[in-house]
Amino acid sequence: LFAGPTEFVKGVVAMSGLPDAERIEVCFAGRSNVGKSSLINALTGMKALARASNTPGRTQEINYFTAGDDFYLVDLPGYGYANAPLPVVEKWQRLLKQFLQGRQTLRRAFVLIDARHGVKSVDDEIMSLLDSAAVTFQAVLTKADKVKEVEREEILNQVRGALSKHPAAYPEIIVTSSEKGWGIPTLRTVI
Ligand code: GTP
Ligand code: MG
């Protein structure tokens, strides 16, 4: 699918550092530790392309990756709780919001939701921001391997309910596990 090289381009710390708006971009947003970087690795089939870790707040810059010659995949810092000093967290969260509201080449945001936790109020805030910026977004359930099927269905219902209040949301939810590779082909197809 991604014809051409997949590689790290740059880490961006301010809007002025964004690459030229020459390619279509899709980005991965979500609470800290939800599995954004891991999902990019699973998507590209490259285990250590994006750095993942168990510490919330691992990704602190907007990281750009090429996905072939046509796309950029954009790994975002998380929102919500992070294991980093507050001023640092506030700085990257401001940048994150500026990016989501103001990146012209952004075609779709994937909003990642932990299959164990469902949509939290911080997710809802980000979704409202995307609504007002008219950025189409799609929910991706992550870490589906960590919950039983009944639990997953309950969470899916909660997520559906939350999405129904957001005009910019796609109704379809993609259920994934980066660990097991579940839903990865579907996500590739959507991109
Ligand atoms: P920040 O950069 O801190 O915002 O986190 P992130 O959203 O990029 O999460 P990351 O990909 O770093 O993953 C966080 C932790 O969850 C890591 O320990 C991953 O190994 C684990 N993880 C990610 N995806 C999955 C999954 O599908 N299943 C399981 N079991 N663990 C996962
Ligand atoms: Mg990360």
# chains A, B, ... in the order shown; residues from 1 in each chain; ligands from 1
>>> residues_near_ligand(ligand="ligand 1", cutoff="6 Å", atoms="only C-alpha atoms and all ligand atoms", output="JSON, numbers by chain")
{"A": [32, 33, 34, 35, 36, 37, 38, 52, 53, 54, 55, 56, 57, 58, 59, 77, 78, 142, 143, 145, 146, 177, 178, 179]}
>>> write_last_selection(atoms="N, CA and C atoms", output="PDB file, in the first residue's frame")
ATOM      1  N   SER A  32      -2.114   9.915  26.500  1.00  0.00           N
ATOM      2  CA  SER A  32      -0.776   9.367  26.679  1.00  0.00           C
ATOM      3  C   SER A  32      -0.885   7.870  26.952  1.00  0.00           C
ATOM      4  N   ASN A  33      -0.025   7.113  26.313  1.00  0.00           N
ATOM      5  CA  ASN A  33       0.066   5.666  26.565  1.00  0.00           C
ATOM      6  C   ASN A  33      -1.042   4.826  25.897  1.00  0.00           C
ATOM      7  N   VAL A  34      -1.877   5.463  25.079  1.00  0.00           N
ATOM      8  CA  VAL A  34      -2.983   4.710  24.465  1.00  0.00           C
ATOM      9  C   VAL A  34      -2.497   3.741  23.381  1.00  0.00           C
ATOM     10  N   GLY A  35      -1.275   4.015  22.859  1.00  0.00           N
ATOM     11  CA  GLY A  35      -0.715   3.108  21.851  1.00  0.00           C
ATOM     12  C   GLY A  35      -0.559   3.717  20.464  1.00  0.00           C
ATOM     13  N   LYS A  36      -0.358   5.047  20.405  1.00  0.00           N
ATOM     14  CA  LYS A  36      -0.220   5.728  19.116  1.00  0.00           C
ATOM     15  C   LYS A  36       1.037   5.293  18.373  1.00  0.00           C
ATOM     16  N   SER A  37       2.168   5.358  19.075  1.00  0.00           N
ATOM     17  CA  SER A  37       3.441   5.026  18.429  1.00  0.00           C
ATOM     18  C   SER A  37       3.471   3.545  18.041  1.00  0.00           C
ATOM     19  N   SER A  38       2.947   2.702  18.913  1.00  0.00           N
ATOM     20  CA  SER A  38       2.902   1.267  18.617  1.00  0.00           C
ATOM     21  C   SER A  38       2.053   0.987  17.381  1.00  0.00           C
ATOM     22  N   ALA A  52       8.100   3.670  21.326  1.00  0.00           N
ATOM     23  CA  ALA A  52       6.985   3.387  22.235  1.00  0.00           C
ATOM     24  C   ALA A  52       7.568   3.029  23.591  1.00  0.00           C
ATOM     25  N   SER A  53       6.810   3.275  24.645  1.00  0.00           N
ATOM     26  CA  SER A  53       7.258   2.828  25.960  1.00  0.00           C
ATOM     27  C   SER A  53       6.095   2.818  26.928  1.00  0.00           C
ATOM     28  N   ASN A  54       6.325   2.216  28.053  1.00  0.00           N
ATOM     29  CA  ASN A  54       5.277   2.106  29.052  1.00  0.00           C
ATOM     30  C   ASN A  54       5.083   3.391  29.864  1.00  0.00           C
ATOM     31  N   THR A  55       5.982   4.375  29.657  1.00  0.00           N
ATOM     32  CA  THR A  55       5.868   5.633  30.389  1.00  0.00           C
ATOM     33  C   THR A  55       4.958   6.592  29.628  1.00  0.00           C
ATOM     34  N   PRO A  56       3.822   7.006  30.212  1.00  0.00           N
ATOM     35  CA  PRO A  56       2.959   7.970  29.517  1.00  0.00           C
ATOM     36  C   PRO A  56       3.725   9.273  29.296  1.00  0.00           C
ATOM     37  N   GLY A  57       3.695   9.789  28.092  1.00  0.00           N
ATOM     38  CA  GLY A  57       4.442  11.007  27.793  1.00  0.00           C
ATOM     39  C   GLY A  57       5.733  10.699  27.059  1.00  0.00           C
ATOM     40  N   ARG A  58       5.785   9.528  26.450  1.00  0.00           N
ATOM     41  CA  ARG A  58       6.987   9.126  25.722  1.00  0.00           C
ATOM     42  C   ARG A  58       7.224  10.038  24.530  1.00  0.00           C
ATOM     43  N   THR A  59       6.213  10.231  23.722  1.00  0.00           N
ATOM     44  CA  THR A  59       6.342  11.061  22.516  1.00  0.00           C
ATOM     45  C   THR A  59       6.060  12.509  22.892  1.00  0.00           C
ATOM     46  N   PRO A  77       2.178  13.789  20.293  1.00  0.00           N
ATOM     47  CA  PRO A  77       2.288  13.597  21.738  1.00  0.00           C
ATOM     48  C   PRO A  77       0.895  13.312  22.289  1.00  0.00           C
ATOM     49  N   GLY A  78       0.844  12.672  23.418  1.00  0.00           N
ATOM     50  CA  GLY A  78      -0.455  12.355  24.006  1.00  0.00           C
ATOM     51  C   GLY A  78      -1.060  13.545  24.730  1.00  0.00           C
ATOM     52  N   THR A 142      -7.784   0.691  20.763  1.00  0.00           N
ATOM     53  CA  THR A 142      -6.454   0.070  20.857  1.00  0.00           C
ATOM     54  C   THR A 142      -6.417  -0.969  21.979  1.00  0.00           C
ATOM     55  N   LYS A 143      -5.400  -1.789  21.944  1.00  0.00           N
ATOM     56  CA  LYS A 143      -5.144  -2.798  22.985  1.00  0.00           C
ATOM     57  C   LYS A 143      -6.327  -3.741  23.175  1.00  0.00           C
ATOM     58  N   ASP A 145      -6.538  -6.669  22.638  1.00  0.00           N
ATOM     59  CA  ASP A 145      -6.101  -7.960  23.214  1.00  0.00           C
ATOM     60  C   ASP A 145      -6.199  -7.982  24.733  1.00  0.00           C
ATOM     61  N   LYS A 146      -6.347  -6.802  25.332  1.00  0.00           N
ATOM     62  CA  LYS A 146      -6.355  -6.730  26.800  1.00  0.00           C
ATOM     63  C   LYS A 146      -7.739  -6.888  27.417  1.00  0.00           C
ATOM     64  N   SER A 177      -5.337  -4.309  17.707  1.00  0.00           N
ATOM     65  CA  SER A 177      -4.302  -4.654  18.665  1.00  0.00           C
ATOM     66  C   SER A 177      -2.979  -4.635  17.915  1.00  0.00           C
ATOM     67  N   SER A 178      -2.117  -3.711  18.301  1.00  0.00           N
ATOM     68  CA  SER A 178      -0.804  -3.645  17.651  1.00  0.00           C
ATOM     69  C   SER A 178       0.005  -4.878  17.996  1.00  0.00           C
ATOM     70  N   GLU A 179      -0.248  -5.372  19.192  1.00  0.00           N
ATOM     71  CA  GLU A 179       0.451  -6.558  19.676  1.00  0.00           C
ATOM     72  C   GLU A 179       0.118  -7.791  18.833  1.00  0.00           C
TER      73      GLU A 179
END
>>> select_by_dssp(residues="region 78-138 of chain A", states="alpha helix (DSSP H)", output="number ranges by chain")
A: 86-102, 121-133
>>> closest_residue(among="A:Arg51, A:Arg31, A:Arg94, A:Lys120", to="Val13 (chain A)", atoms="only C-alpha atoms")
A:Arg94
>>> residues_around(residues="region 15-28 of chain A", least_positions_apart="4", cutoff="9 Å", atoms="only C-alpha atoms", output="PyMOL selection string")
chain A and resi 9-11+36-37+39-40+62+64+69-77+95+98-100+103-112+191
>>> write_last_selection(atoms="C-alpha atoms", output="compact mmCIF listing (two decimals), in the first residue's frame")
# COMPACT_ATOMS: atom_id res chain seq x y z
CA VAL A 9 11.44 12.59 8.68
CA LYS A 10 11.63 14.91 11.66
CA GLY A 11 10.38 15.78 15.12
CA LYS A 36 -0.22 5.73 19.12
CA SER A 37 3.44 5.03 18.43
CA LEU A 39 0.10 1.54 16.07
CA ILE A 40 2.37 3.36 13.62
CA ILE A 62 5.13 15.88 16.49
CA TYR A 64 6.69 12.84 10.91
CA ASP A 69 5.79 8.74 -1.62
CA ASP A 70 2.29 10.04 -1.02
CA PHE A 71 1.63 10.24 2.68
CA TYR A 72 2.92 11.44 5.94
CA LEU A 73 1.97 9.51 9.05
CA VAL A 74 2.05 11.87 12.01
CA ASP A 75 2.66 10.57 15.53
CA LEU A 76 1.45 13.07 18.09
CA PRO A 77 2.29 13.60 21.74
CA LEU A 95 1.24 22.60 19.95
CA GLN A 98 -2.62 24.13 17.09
CA PHE A 99 -1.67 21.28 14.81
CA LEU A 100 -5.09 19.61 14.92
CA ARG A 103 -2.82 21.85 9.47
CA GLN A 104 -4.19 22.25 5.97
CA THR A 105 -2.91 18.97 4.61
CA LEU A 106 -4.37 16.93 7.46
CA ARG A 107 -6.97 14.67 5.85
CA ARG A 108 -7.99 12.58 8.77
CA ALA A 109 -7.22 12.27 12.44
CA PHE A 110 -7.39 8.91 14.08
CA VAL A 111 -8.44 9.30 17.68
CA LEU A 112 -7.21 6.32 19.64
CA ILE A 191 -5.73 5.23 4.97
>>> closest_residue(among="A:Ala50, A:Met127, A:Leu43, A:Ala3", to="ligand 2", atoms="only C-alpha atoms and all ligand atoms")
A:Ala50
>>> closest_residue(among="A:Ala29, A:Val150, A:Val119, A:Leu187", to="ligand 2", atoms="only C-alpha atoms and all ligand atoms")
A:Ala29
>>> residues_around(residues="region 131-136 of chain A", least_positions_apart="2", cutoff="6 Å", atoms="only C-alpha atoms", output="list of chain:residue names")
A:Gln101, A:Arg108, A:Ser128, A:Leu129, A:Ala168, A:Ala169
>>> closest_residue(among="A:Gly4, A:Ala14, A:Tyr79, A:Val190", to="ligand 2", atoms="only C-alpha atoms and all ligand atoms")
A:Tyr79
